[in-house]
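Engineer: For reference, the file protein_16.cif (mmCIF, C-alpha atoms) is included below:
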```cif
data_query
loop_
_atom_site.label_atom_id
_atom_site.label_comp_id
_atom_site.auth_asym_id
_atom_site.auth_seq_id
_atom_site.Cartn_x
_atom_site.Cartn_y
_atom_site.Cartn_z
CA MET A 162 88.75 82.11 -5.63
CA SER A 163 86.13 83.44 -3.23
CA ALA A 164 82.56 84.07 -4.40
CA GLU A 165 82.74 87.80 -3.69
CA VAL A 166 85.80 88.18 -5.95
CA VAL A 167 84.17 86.21 -8.79
CA ILE A 168 80.91 88.19 -8.47
CA GLY A 169 82.98 91.38 -8.32
CA ALA A 170 84.78 90.39 -11.52
CA TRP A 171 81.45 89.78 -13.32
CA VAL A 172 80.06 93.12 -12.12
CA ALA A 173 83.25 95.01 -13.10
CA VAL A 174 83.36 93.36 -16.54
CA GLY A 175 79.64 93.96 -17.15
CA LEU A 176 79.86 97.64 -16.24
CA SER A 177 83.12 98.13 -18.20
CA LEU A 178 81.55 96.60 -21.32
CA CYS A 179 78.48 98.81 -20.83
CA MET A 180 80.78 101.86 -20.96
CA TYR A 181 82.79 100.57 -23.95
CA SER A 182 79.54 99.96 -25.87
CA PHE A 183 79.52 103.73 -26.46
CA LEU A 184 82.24 103.13 -29.07
CA TYR A 185 79.47 101.60 -31.20
CA LYS A 186 76.95 104.38 -30.51
CA ASP A 187 74.92 105.91 -27.67
CA ASN A 188 72.78 103.05 -26.36
CA PRO A 189 70.80 101.93 -23.26
CA PHE A 190 73.74 99.87 -21.90
CA PHE A 191 75.98 102.93 -21.87
CA LYS A 192 73.26 105.10 -20.34
CA PHE A 193 72.77 102.48 -17.63
CA GLY A 194 76.51 102.39 -16.83
CA GLU A 195 76.73 106.18 -16.93
CA HIS A 196 73.88 106.62 -14.43
CA VAL A 197 75.27 103.90 -12.15
CA PHE A 198 78.58 105.79 -12.21
CA VAL A 199 76.91 109.08 -11.24
CA GLY A 200 74.89 107.43 -8.46
CA VAL A 201 77.82 105.49 -7.03
CA SER A 202 80.09 108.57 -7.19
CA VAL A 203 77.53 110.68 -5.32
CA GLY A 204 77.02 107.94 -2.74
CA TYR A 205 80.76 107.60 -2.26
CA LEU A 206 81.29 111.36 -1.98
CA LEU A 207 78.48 111.71 0.58
CA THR A 208 79.78 108.83 2.70
CA ILE A 209 83.34 110.15 2.69
CA THR A 210 82.15 113.70 3.48
CA TYR A 211 80.00 112.41 6.33
CA TYR A 212 82.80 110.43 7.99
CA GLN A 213 85.83 112.56 7.19
CA VAL A 214 84.33 116.02 7.54
CA MET A 215 81.06 115.94 9.46
CA THR A 216 82.20 113.32 11.98
CA ASN A 217 85.98 113.80 12.25
CA LYS A 218 86.16 117.57 11.84
CA LEU A 219 82.83 118.66 13.33
CA TYR A 220 80.99 116.17 15.57
CA ILE A 221 83.94 114.56 17.44
CA PRO A 222 85.83 117.84 18.14
CA MET A 223 82.57 119.45 19.33
CA THR A 224 81.36 116.64 21.57
CA GLN A 225 84.64 115.13 22.79
CA GLN A 226 87.09 118.05 22.69
CA GLY A 227 84.67 120.78 23.70
CA LYS A 228 85.23 122.86 20.57
CA ARG A 229 81.77 124.45 20.71
CA TRP A 230 82.84 127.30 18.40
CA LEU A 231 82.67 124.84 15.50
CA LEU A 232 78.93 125.55 15.59
CA VAL A 233 79.76 128.74 13.69
CA PRO A 234 81.05 127.00 10.51
CA ALA A 235 78.24 124.45 10.86
CA PHE A 236 75.73 127.31 10.96
CA LEU A 237 77.43 128.97 7.97
CA GLY A 238 77.25 125.63 6.15
CA LEU A 239 73.54 125.35 6.90
CA LEU A 240 73.03 128.88 5.58
CA LEU A 241 74.35 127.61 2.20
CA LEU A 242 71.36 125.26 2.04
CA ALA A 243 69.05 128.29 2.21
CA ARG A 244 69.59 128.41 -1.56
CA PHE A 245 66.90 125.75 -1.83
CA ILE A 246 64.27 128.10 -0.32
CA PRO A 247 63.85 131.14 -2.59
CA SER A 248 62.43 133.43 0.12
CA ILE A 249 65.54 133.10 2.31
CA ALA A 250 68.07 132.26 -0.41
CA TRP A 251 69.92 135.55 0.30
CA LEU A 252 71.15 134.09 3.61
CA SER A 253 73.59 131.88 1.67
CA ARG A 254 75.41 135.08 0.62
CA ILE A 255 76.86 135.32 4.13
CA SER A 256 78.49 131.90 3.77
CA PHE A 257 79.74 132.67 0.27
CA ALA A 258 81.11 136.00 1.50
CA PHE A 259 82.90 134.16 4.31
CA LEU A 260 84.44 131.57 1.96
CA LEU A 261 85.38 134.10 -0.72
CA GLY A 262 86.79 136.61 1.78
CA ILE A 263 89.10 134.01 3.28
CA SER A 264 90.14 132.40 0.00
CA SER A 265 90.79 135.78 -1.67
CA GLY A 266 92.80 136.97 1.31
CA LEU A 267 94.84 133.79 1.43
CA ALA A 268 95.36 133.75 -2.33
CA ILE A 269 97.04 137.15 -2.74
CA PRO A 270 100.30 136.67 -0.77
CA ARG A 271 100.59 133.00 -1.68
CA GLN A 272 100.19 133.67 -5.40
CA ILE A 273 102.82 136.41 -5.21
CA SER A 274 105.21 134.17 -3.30
CA SER A 275 104.74 130.78 -4.96
CA PHE A 276 103.60 131.57 -8.46
CA ILE A 277 105.30 134.85 -9.28
CA LEU A 278 108.48 135.32 -7.22
CA LYS A 279 109.43 131.63 -7.25
CA GLN A 280 108.82 131.38 -10.99
CA VAL A 281 110.83 134.53 -11.69
CA GLU A 282 113.61 133.16 -9.46
CA GLY A 283 113.63 129.91 -11.44
CA THR A 284 113.71 131.83 -14.72
CA LEU A 285 116.58 134.19 -13.94
CA LYS A 286 119.53 131.79 -13.92
CA PRO A 287 123.17 132.81 -14.60
CA LEU A 288 124.23 132.52 -18.22
CA VAL A 289 127.93 132.67 -17.39
CA THR A 290 129.39 130.57 -14.58
CA VAL A 291 132.71 130.88 -12.81
CA GLY A 292 134.22 127.63 -11.52
CA ASP A 293 137.56 126.02 -10.83
CA GLY A 294 138.29 125.84 -14.55
CA GLY A 295 137.72 129.59 -14.98
CA VAL A 296 134.86 131.41 -16.67
CA ALA A 297 132.47 129.16 -18.59
CA TRP A 298 130.67 131.02 -21.40
CA MET A 299 127.50 129.67 -22.89
CA THR A 300 127.38 126.17 -21.49
CA TRP A 301 124.49 123.85 -22.40
CA ALA A 302 122.83 124.76 -19.08
CA GLY A 303 123.36 128.46 -19.80
CA LEU A 304 121.82 128.09 -23.26
CA ASN A 305 118.80 126.34 -21.78
CA ALA A 306 118.47 129.09 -19.15
CA LEU A 307 118.52 131.69 -21.93
CA LEU A 308 115.85 129.76 -23.86
CA VAL A 309 113.64 129.56 -20.76
CA LEU A 310 114.06 133.32 -20.23
CA ILE A 311 113.17 134.07 -23.86
CA GLY A 312 110.19 131.71 -23.60
CA VAL A 313 108.79 133.21 -20.39
CA VAL A 314 109.18 136.80 -21.59
CA SER A 315 107.69 136.11 -25.03
CA VAL A 316 104.72 134.17 -23.56
CA LEU A 317 104.06 137.06 -21.15
CA PHE A 318 104.19 139.45 -24.14
CA TYR A 319 101.59 137.29 -25.89
CA PHE A 320 99.25 137.57 -22.87
CA PHE A 321 99.91 141.30 -22.40
CA PHE A 322 97.04 143.16 -24.01
CA SER A 323 97.73 146.68 -22.72
CA LEU A 324 100.00 147.21 -25.72
CA GLU A 325 98.81 146.77 -29.29
CA HIS A 326 100.41 143.70 -30.89
CA THR A 327 102.21 145.46 -33.75
CA GLY A 328 105.86 145.76 -34.81
CA THR A 329 108.37 144.41 -32.28
CA VAL A 330 105.68 143.46 -29.74
CA ARG A 331 103.97 141.35 -32.40
CA ARG A 332 107.21 139.60 -33.31
CA ILE A 333 107.99 138.81 -29.66
CA ALA A 334 104.41 137.59 -29.13
CA ARG A 335 104.80 135.31 -32.19
CA VAL A 336 107.81 133.68 -30.54
CA GLY A 337 105.60 133.21 -27.45
CA ILE A 338 103.00 131.42 -29.58
CA TYR A 339 105.60 128.88 -30.68
CA PHE A 340 106.62 128.21 -27.08
CA LEU A 341 102.95 127.80 -26.19
CA MET A 342 102.43 125.39 -29.08
CA VAL A 343 105.34 123.21 -27.91
CA SER A 344 103.83 123.22 -24.42
CA PHE A 345 100.33 122.35 -25.68
CA GLY A 346 101.77 119.60 -27.85
CA ALA A 347 103.68 118.18 -24.86
CA ALA A 348 100.56 118.38 -22.68
CA PHE A 349 98.54 116.64 -25.38
CA GLY A 350 101.16 113.91 -25.74
CA TYR A 351 101.14 113.39 -22.00
CA THR A 352 97.33 113.22 -21.87
CA VAL A 353 97.23 110.68 -24.69
CA MET A 354 99.81 108.52 -22.94
CA ALA A 355 97.90 108.72 -19.64
CA ARG A 356 94.63 107.67 -21.31
CA MET A 357 96.40 104.88 -23.17
CA SER A 358 97.86 103.67 -19.91
CA LEU A 359 94.35 103.60 -18.39
CA LEU A 360 93.04 101.75 -21.44
CA ILE A 361 95.81 99.16 -21.18
CA GLY A 362 95.00 98.78 -17.48
CA ARG A 363 91.32 98.16 -18.18
CA PHE A 364 92.06 95.71 -21.01
CA ASP A 365 94.54 93.95 -18.77
CA GLU A 366 91.81 93.49 -16.18
CA LEU A 367 89.28 92.35 -18.80
CA MET A 368 91.80 89.74 -20.00
CA LEU A 369 92.43 88.59 -16.45
CA TYR A 370 88.69 88.13 -15.87
CA ALA A 371 88.45 86.14 -19.12
CA SER A 372 90.11 83.17 -17.42
CA ALA A 373 88.39 80.02 -16.15
CA SER A 374 88.96 80.96 -12.51
CA TYR A 375 86.64 83.93 -12.98
CA GLY A 376 84.04 81.87 -14.85
CA TYR A 377 84.98 83.31 -18.28
CA ALA A 378 83.31 86.58 -17.28
CA THR A 379 84.69 88.68 -20.17
CA PRO A 380 83.84 86.45 -23.18
CA VAL A 381 80.42 85.49 -21.79
CA LEU A 382 79.41 89.08 -21.05
CA LEU A 383 80.91 90.32 -24.33
CA VAL A 384 78.71 87.92 -26.31
CA ALA A 385 75.70 88.92 -24.15
CA MET A 386 76.46 92.59 -24.83
CA ILE A 387 76.70 92.04 -28.61
CA VAL A 388 73.40 90.12 -28.62
CA GLY A 389 71.83 92.85 -26.47
CA LEU A 390 73.01 95.60 -28.82
CA TRP A 391 71.77 93.64 -31.84
CA TRP A 392 68.38 93.17 -30.15
CA TRP A 393 68.18 96.87 -29.29
CA GLU A 394 69.17 97.87 -32.83
CA ARG A 395 66.45 95.62 -34.24
CA GLY A 396 63.91 97.29 -31.94
CA GLN A 397 65.06 100.71 -33.14
CA GLU A 398 64.66 99.66 -36.79
CA ARG A 399 61.12 98.42 -36.12
CA LYS A 400 60.20 101.73 -34.52
CA THR A 401 61.36 103.69 -37.59
CA MET B 81 67.11 144.48 5.40
CA LEU B 82 69.25 145.75 2.54
CA PHE B 83 72.15 145.97 5.00
CA TRP B 84 71.97 142.19 5.75
CA LYS B 85 71.29 141.23 2.17
CA ARG B 86 74.03 143.27 0.48
CA THR B 87 76.19 145.44 2.71
CA PHE B 88 76.95 142.85 5.42
CA PRO B 89 78.30 140.17 3.01
CA LEU B 90 80.48 142.84 1.32
CA LEU B 91 81.81 144.05 4.67
CA LEU B 92 82.48 140.48 5.79
CA THR B 93 84.44 139.77 2.59
CA LEU B 94 86.45 142.99 3.04
CA LEU B 95 87.25 142.28 6.68
CA LEU B 96 88.22 138.62 6.14
CA GLY B 97 90.10 139.39 2.93
CA ILE B 98 92.30 142.02 4.58
CA THR B 99 92.78 139.89 7.73
CA PHE B 100 93.95 136.81 5.82
CA THR B 101 96.15 138.80 3.43
CA ALA B 102 97.88 140.26 6.50
CA GLN B 103 98.00 136.84 8.22
CA TYR B 104 100.71 135.67 5.78
CA TYR B 105 103.04 138.44 6.93
CA VAL B 106 102.57 137.81 10.67
CA PRO B 107 104.85 134.93 11.68
CA HIS B 108 103.26 134.49 15.13
CA PRO B 109 101.93 131.17 16.52
CA ALA B 110 98.51 132.81 17.03
CA SER B 111 98.44 133.74 13.35
CA GLU B 112 99.40 130.18 12.36
CA SER B 113 96.73 128.62 14.58
CA LEU B 114 94.15 131.05 13.14
CA LEU B 115 95.02 129.77 9.66
CA THR B 116 94.77 126.12 10.79
CA GLU B 117 91.40 126.73 12.44
CA VAL B 118 90.01 128.59 9.47
CA SER B 119 91.06 125.81 7.08
CA VAL B 120 88.99 123.39 9.21
CA TRP B 121 86.06 125.83 9.05
CA GLY B 122 86.47 125.94 5.28
CA GLN B 123 86.36 122.13 5.09
CA ILE B 124 83.18 122.05 7.20
CA ILE B 125 81.44 124.69 5.09
CA SER B 126 82.58 122.90 1.89
CA GLY B 127 81.03 119.71 3.28
CA PHE B 128 77.67 121.48 3.36
CA ALA B 129 78.37 122.91 -0.11
CA ILE B 130 78.56 119.31 -1.37
CA LEU B 131 75.04 118.81 -0.05
CA LEU B 132 74.03 121.84 -2.10
CA GLY B 133 75.35 120.22 -5.28
CA VAL B 134 73.93 116.80 -4.48
CA GLY B 135 70.58 118.42 -3.64
CA SER B 136 70.45 120.03 -7.09
CA LEU B 137 71.28 116.70 -8.76
CA ILE B 138 68.62 114.86 -6.76
CA ARG B 139 66.03 117.52 -7.53
CA SER B 140 66.67 117.42 -11.29
CA HIS B 141 66.43 113.61 -11.40
CA TYR B 142 63.36 113.62 -9.13
CA VAL B 143 61.58 116.06 -11.48
CA LYS B 144 62.52 113.80 -14.42
CA ILE B 145 60.92 110.79 -12.72
CA LYS B 146 57.87 112.75 -11.54
CA ARG B 147 57.16 114.07 -15.05
CA ARG B 148 57.97 110.70 -16.66
CA GLU B 149 60.35 112.47 -19.03
CA ALA B 150 62.32 110.52 -21.67
CA GLY B 151 64.90 108.31 -19.96
CA TRP B 152 63.34 108.67 -16.50
CA GLY B 153 64.18 105.05 -15.76
CA TYR B 154 67.88 105.92 -15.83
CA SER B 155 67.24 108.53 -13.13
CA GLY B 156 65.82 105.67 -11.06
CA VAL B 157 69.03 103.71 -11.72
CA MET B 158 71.00 106.73 -10.48
CA PHE B 159 68.94 106.93 -7.28
CA LEU B 160 69.19 103.19 -6.67
CA SER B 161 72.99 103.13 -7.12
CA MET B 162 73.37 106.16 -4.87
CA LEU B 163 71.23 104.59 -2.15
CA ILE B 164 73.06 101.25 -2.37
CA MET B 165 76.45 103.00 -2.10
CA LEU B 166 75.23 105.21 0.77
CA GLY B 167 73.70 102.21 2.58
CA ALA B 168 76.89 100.18 2.20
CA GLY B 169 78.95 103.18 3.33
CA PHE B 170 76.96 103.70 6.53
CA TRP B 171 76.70 99.95 7.15
CA SER B 172 80.52 99.70 6.93
CA GLY B 173 81.10 102.84 9.00
CA GLY B 174 82.94 104.45 6.07
CA LYS B 175 85.66 101.78 6.13
CA THR B 176 86.71 100.22 2.84
CA GLU B 177 88.85 97.24 3.85
CA GLY B 178 86.94 93.96 3.72
CA THR B 179 83.53 95.66 3.69
CA SER B 180 80.63 95.89 1.26
CA PHE B 181 81.54 99.56 0.79
CA GLY B 182 85.07 98.54 -0.22
CA TRP B 183 83.66 95.90 -2.57
CA LEU B 184 81.44 98.46 -4.30
CA TYR B 185 84.37 100.89 -4.45
CA SER B 186 86.72 98.35 -6.09
CA TYR B 187 84.39 96.54 -8.45
CA VAL B 188 81.91 99.27 -9.35
CA PHE B 189 83.34 102.75 -8.73
CA VAL B 190 86.96 102.09 -9.77
CA ALA B 191 85.95 99.91 -12.73
CA LEU B 192 83.51 102.53 -14.04
CA GLN B 193 85.86 105.43 -13.43
CA GLY B 194 88.80 103.69 -15.13
CA THR B 195 86.70 102.70 -18.11
CA MET B 196 85.09 106.13 -18.45
CA PHE B 197 88.47 107.86 -18.61
CA SER B 198 90.09 105.19 -20.77
CA LEU B 199 87.24 105.65 -23.24
CA LEU B 200 88.67 109.10 -23.87
CA ALA B 201 91.75 107.46 -25.43
CA PHE B 202 89.63 106.66 -28.51
CA PHE B 203 88.18 110.15 -28.75
CA VAL B 204 91.56 111.78 -28.14
CA ALA B 205 92.88 109.79 -31.10
CA SER B 206 90.12 111.02 -33.41
CA ALA B 207 90.45 114.59 -32.09
CA ALA B 208 94.21 114.37 -32.72
CA TYR B 209 93.59 113.43 -36.33
CA ARG B 210 91.46 116.56 -36.83
CA ALA B 211 93.70 118.89 -34.83
CA PHE B 212 97.03 117.66 -36.10
CA ARG B 213 96.55 118.21 -39.78
CA ALA B 214 99.54 120.50 -40.05
CA ARG B 215 97.97 123.38 -41.92
CA THR B 216 99.92 126.18 -40.22
CA PRO B 217 103.46 126.43 -38.83
CA GLU B 218 101.99 126.63 -35.29
CA ALA B 219 100.01 123.40 -35.80
CA THR B 220 103.17 121.74 -37.16
CA VAL B 221 105.12 122.70 -34.01
CA LEU B 222 102.29 121.30 -31.84
CA LEU B 223 102.21 118.10 -33.88
CA VAL B 224 105.98 117.58 -33.72
CA ALA B 225 106.12 118.28 -29.97
CA ALA B 226 103.25 115.88 -29.26
CA ILE B 227 104.76 113.10 -31.40
CA LEU B 228 108.19 113.49 -29.80
CA VAL B 229 106.72 113.42 -26.27
CA MET B 230 104.61 110.33 -27.04
CA TRP B 231 107.49 108.62 -28.79
CA GLY B 232 109.96 109.32 -26.00
CA ARG B 233 107.64 108.00 -23.31
CA VAL B 234 107.39 104.42 -24.57
CA PRO B 235 110.16 101.79 -24.54
CA LEU B 236 109.59 101.10 -28.25
CA GLY B 237 110.41 104.75 -29.07
CA GLU B 238 113.80 104.55 -27.39
CA HIS B 239 114.39 101.17 -29.06
CA LEU B 240 113.67 102.56 -32.54
CA ILE B 241 115.43 105.93 -32.18
CA SER B 242 118.14 105.97 -29.57
CA GLY B 243 118.24 109.23 -27.59
CA ILE B 244 114.61 110.18 -28.22
CA GLY B 245 114.05 110.03 -24.45
CA SER B 246 116.57 112.85 -23.95
CA VAL B 247 114.83 114.96 -26.60
CA THR B 248 111.51 114.45 -24.81
CA GLU B 249 113.15 115.35 -21.52
CA TRP B 250 114.55 118.55 -23.07
CA ILE B 251 111.16 119.52 -24.50
CA MET B 252 109.55 119.02 -21.09
CA ASN B 253 112.29 120.87 -19.18
CA VAL B 254 113.03 123.81 -21.45
CA PRO B 255 110.36 125.08 -23.90
CA ASN B 256 107.49 123.46 -21.96
CA THR B 257 108.73 124.88 -18.65
CA ALA B 258 109.13 128.33 -20.20
CA ALA B 259 105.57 128.34 -21.54
CA GLN B 260 104.13 126.90 -18.31
CA ARG B 261 105.94 129.57 -16.29
CA GLY B 262 104.60 132.31 -18.55
CA ILE B 263 101.06 130.92 -18.20
CA LEU B 264 101.44 130.52 -14.42
CA ILE B 265 102.68 134.08 -13.94
CA GLY B 266 99.84 135.41 -16.13
CA VAL B 267 97.21 133.34 -14.31
CA SER B 268 98.58 134.43 -10.92
CA LEU B 269 98.44 138.10 -11.86
CA GLY B 270 94.84 137.55 -13.00
CA GLY B 271 94.05 135.68 -9.76
CA ILE B 272 95.50 138.48 -7.63
CA ALA B 273 93.52 141.09 -9.57
CA THR B 274 90.30 139.08 -9.12
CA SER B 275 90.99 138.59 -5.39
CA ILE B 276 91.48 142.34 -4.93
CA LYS B 277 88.25 143.01 -6.84
CA ILE B 278 86.36 140.54 -4.61
CA ILE B 279 87.81 141.94 -1.37
CA PHE B 280 86.94 145.52 -2.28
CA GLY B 281 83.47 144.64 -3.55
CA ILE B 282 84.14 145.49 -7.20
CA GLU B 283 83.44 141.88 -8.22
CA ARG B 284 80.17 140.93 -6.51
CA SER B 285 78.58 138.41 -8.87
CA TYR B 286 78.68 135.81 -6.06
CA LEU B 287 75.90 137.77 -4.36
CA GLY B 288 73.55 136.91 -7.21
CA LYS B 289 70.66 139.09 -8.34
CA ASP B 290 68.38 141.27 -6.15
#
```
Represent the structure of the file as structure tokens.

Structural biologist:
Amino acid sequence: MSAEVVIGAWVAVGLSLCMYSFLYKDNPFFKFGEHVFVGVSVGYLLTITYYQVMTNKLYIPMTQQGKRWLLVPAFLGLLLLARFIPSIAWLSRISFAFLLGISSGLAIPRQISSFILKQVEGTLKPLVTVGDGGVAWMTWAGLNALLVLIGVVSVLFYFFFSLEHTGTVRRIARVGIYFLMVSFGAAFGYTVMARMSLLIGRFDELMLYASASYGYATPVLLVAMIVGLWWWERGQERKT
Amino acid sequence: MLFWKRTFPLLLTLLLGITFTAQYYVPHPASESLLTEVSVWGQIISGFAILLGVGSLIRSHYVKIKRREAGWGYSGVMFLSMLIMLGAGFWSGGKTEGTSFGWLYSYVFVALQGTMFSLLAFFVASAAYRAFRARTPEATVLLVAAILVMWGRVPLGEHLISGIGSVTEWIMNVPNTAAQRGILIGVSLGGIATSIKIIFGIERSYLGKD
């Protein structure tokens, strides 16, 4: 095992345990890990932006491909930074207007096409099918199509506030609520499973780094963390 | 001056908004290349927008250190980690394979990110306990749907109750799809309305005050 992998394992275990220490309570180890995470994320984001955007999309096309017009978006980007100087902060409005104008313009036809027409197309499926065996009434697929149609219409009724939710409208909207609850429950179940999967992944790694080839990183640092928390707790008690 | 401060941004939004709405309906190579070029422009401007966000973060932590506010040492930790990552990134030329930047990415960034999000598993469990006390019929439906989805997604679930996977699949494909479609159509209608308001200058909060 190379030294950089073993050191990496110790660093990863140490930082992971710092984050897990929050399960006990908010403490300096967690705050340390949290701030390292913010700093490293910002550093990573800046590096990637510099190489993938500023170099590959701006500098190289301008200097090597003669795309001098890219000075315009660069200038608009610089205008955004005018926000830091109150006296000329209004200049950033031009860049925001540019971005919002384009994104709003692009959004309208694409939303209509992808999110409305396509969804309506997917919802309106035939309930009765005609095949080689004749007319098939209410197949399992047809029943599901009908359920989807009822669900979409009732959910839209729930979100439609131009009509007062009384009488029939209220009853249809109530059906929509049940469809929404099933969807929220499914989304919640999915989220829980995704987090659990991450947790298993982290524990798996912590167990791997507990082996002799990694210098027993996990048990050693776990004991150090417990002692550290106990020491910190004692200090807190003395203060109060 | 008022023209440049207020009228010009509104005119620019109107002009670009109408142009790029129309662009979708013009299937000409020139129209396609305009879209490609503008998406690159958007990426460049967004790159500067990141600097805007990072600048705000740096300023707030700098003020914390300058005023020696509570926990200012952690702001120092934030600066140090950012500088180390930036230094390694530039030293490695932005490459991750076999470099110090890659090492920091794998053993610091990924480890912290994975742990931070996995930590939510514990809080999700406690939130579930509070939310899932089936006090109303709606909460009961949510509870049942969540349990069935979780159950059907693990091998043990299928082992204990045969066919639970198909039930989960049905929940995801039928009632869940119906609700998601309803939400998506509603959100899209809202998005279109907001876009129209922005293009025609009815929604102008992005201009700020003054």

Engineer: What do you get, as a PDB file with C-alpha atoms, in the frame of the given file, if you spell out every residue that the PyMOL selection byres ((chain A and resi 379-394) around 8) selects here?

Structural biologist:
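Writing the result to selection_15.pdb gives the following:
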```pdb
ATOM      1  CA  TRP A 171      81.450  89.780 -13.320  1.00  0.00           C
ATOM      2  CA  VAL A 174      83.360  93.360 -16.540  1.00  0.00           C
ATOM      3  CA  GLY A 175      79.640  93.960 -17.150  1.00  0.00           C
ATOM      4  CA  LEU A 178      81.550  96.600 -21.320  1.00  0.00           C
ATOM      5  CA  CYS A 179      78.480  98.810 -20.830  1.00  0.00           C
ATOM      6  CA  ASN A 188      72.780 103.050 -26.360  1.00  0.00           C
ATOM      7  CA  LEU A 367      89.280  92.350 -18.800  1.00  0.00           C
ATOM      8  CA  MET A 368      91.800  89.740 -20.000  1.00  0.00           C
ATOM      9  CA  TYR A 370      88.690  88.130 -15.870  1.00  0.00           C
ATOM     10  CA  ALA A 371      88.450  86.140 -19.120  1.00  0.00           C
ATOM     11  CA  TYR A 377      84.980  83.310 -18.280  1.00  0.00           C
ATOM     12  CA  ALA A 378      83.310  86.580 -17.280  1.00  0.00           C
ATOM     13  CA  ARG A 395      66.450  95.620 -34.240  1.00  0.00           C
ATOM     14  CA  GLY A 396      63.910  97.290 -31.940  1.00  0.00           C
ATOM     15  CA  GLN A 397      65.060 100.710 -33.140  1.00  0.00           C
ATOM     16  CA  GLU A 398      64.660  99.660 -36.790  1.00  0.00           C
TER      17      GLU A 398
END
```

Engineer: For chain B, which residue out of A:Arg363, A:Lys400, A:Lys286, A:Arg332 is the nearest one, using all atoms listed in the file?

Structural biologist: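 Under the stated criterion, the closest residue is A:Arg363.
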
Engineer: Measure the distance from CA of Ala208 (chain B) to CA of Ala225 (chain B) in Å and round it to one decimal.

Structural biologist: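 So the two atoms, CA of Ala208 (chain B) and CA of Ala225 (chain B), lie 12.8 Å apart.
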
Engineer: Taking the file as I've supplied it (selection: the PyMOL selection byres ((chain A and resi 310-322) around 7)), which residues are included? Please answer as a list in words.

Structural biologist: Thr284, Leu285, Ala306, Leu307, Leu308, Val309, Ser323, Leu324, Glu325, Ile333, Ala334, Val336, Gly337, Ile338 and Phe340 of chain A; Pro255, Ala258, Ala259, Arg261, Gly262 and Gly266 of chain B

Engineer: So that I have them on file, write out the residues from the current selection with C-alpha atoms, as a PDB file, in the coordinates of the input.

Structural biologist:
```
ATOM      1  CA  THR A 284     113.710 131.830 -14.720  1.00  0.00           C
ATOM      2  CA  LEU A 285     116.580 134.190 -13.940  1.00  0.00           C
ATOM      3  CA  ALA A 306     118.470 129.090 -19.150  1.00  0.00           C
ATOM      4  CA  LEU A 307     118.520 131.690 -21.930  1.00  0.00           C
ATOM      5  CA  LEU A 308     115.850 129.760 -23.860  1.00  0.00           C
ATOM      6  CA  VAL A 309     113.640 129.560 -20.760  1.00  0.00           C
ATOM      7  CA  SER A 323      97.730 146.680 -22.720  1.00  0.00           C
ATOM      8  CA  LEU A 324     100.000 147.210 -25.720  1.00  0.00           C
ATOM      9  CA  GLU A 325      98.810 146.770 -29.290  1.00  0.00           C
ATOM     10  CA  ILE A 333     107.990 138.810 -29.660  1.00  0.00           C
ATOM     11  CA  ALA A 334     104.410 137.590 -29.130  1.00  0.00           C
ATOM     12  CA  VAL A 336     107.810 133.680 -30.540  1.00  0.00           C
ATOM     13  CA  GLY A 337     105.600 133.210 -27.450  1.00  0.00           C
ATOM     14  CA  ILE A 338     103.000 131.420 -29.580  1.00  0.00           C
ATOM     15  CA  PHE A 340     106.620 128.210 -27.080  1.00  0.00           C
TER      16      PHE A 340
ATOM     17  CA  PRO B 255     110.360 125.080 -23.900  1.00  0.00           C
ATOM     18  CA  ALA B 258     109.130 128.330 -20.200  1.00  0.00           C
ATOM     19  CA  ALA B 259     105.570 128.340 -21.540  1.00  0.00           C
ATOM     20  CA  ARG B 261     105.940 129.570 -16.290  1.00  0.00           C
ATOM     21  CA  GLY B 262     104.600 132.310 -18.550  1.00  0.00           C
ATOM     22  CA  GLY B 266      99.840 135.410 -16.130  1.00  0.00           C
TER      23      GLY B 266
END
```

Engineer: Rounded to one decimal, what separation in Å do you get between CA of Gly328 (chain A) and CA of Val224 (chain B)?

Structural biologist: 28.2 Å

Engineer: Looking at B:Gly133, B:Pro217, B:Pro235, B:Gly169, which one is nearest to chain A, with distances taken over all atoms listed in the file?

Structural biologist: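 Smallest separation from chain A among the options: B:Gly169.
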
Engineer: Care to translate the PyMOL selection byres ((chain B and resi 228-233) around 12) into actual residues of this file, as a ChimeraX atom specification?

Structural biologist: /A:343-358 /B:221-227,234-253,256

Engineer: One decimal, Å: what's the distance from CA of Leu91 (chain B) over to CA of Ile278 (chain B), could you say?

Structural biologist: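 Going from CA of Leu91 (chain B) over to CA of Ile278 (chain B) covers 10.9 Å.
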
Engineer: Please identify all polymer residues lying at most 7 Å from the point (86.8, 138.8, 2.0) (file coordinates), using all atoms listed in the file, and present the result as a ChimeraX atom specification.

Structural biologist: /A:258-259,261-263,265-266 /B:92-98,278-279

Engineer: Go ahead and write the residues just picked, C-alpha atoms, as a compact mmCIF listing (two decimals), in the coordinates of the input.

Structural biologist:
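Contents of the output file out-v2.txt:
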```txt
# COMPACT_ATOMS: atom_id res chain seq x y z
CA ALA A 258 81.11 136.00 1.50
CA PHE A 259 82.90 134.16 4.31
CA LEU A 261 85.38 134.10 -0.72
CA GLY A 262 86.79 136.61 1.78
CA ILE A 263 89.10 134.01 3.28
CA SER A 265 90.79 135.78 -1.67
CA GLY A 266 92.80 136.97 1.31
CA LEU B 92 82.48 140.48 5.79
CA THR B 93 84.44 139.77 2.59
CA LEU B 94 86.45 142.99 3.04
CA LEU B 95 87.25 142.28 6.68
CA LEU B 96 88.22 138.62 6.14
CA GLY B 97 90.10 139.39 2.93
CA ILE B 98 92.30 142.02 4.58
CA ILE B 278 86.36 140.54 -4.61
CA ILE B 279 87.81 141.94 -1.37
```
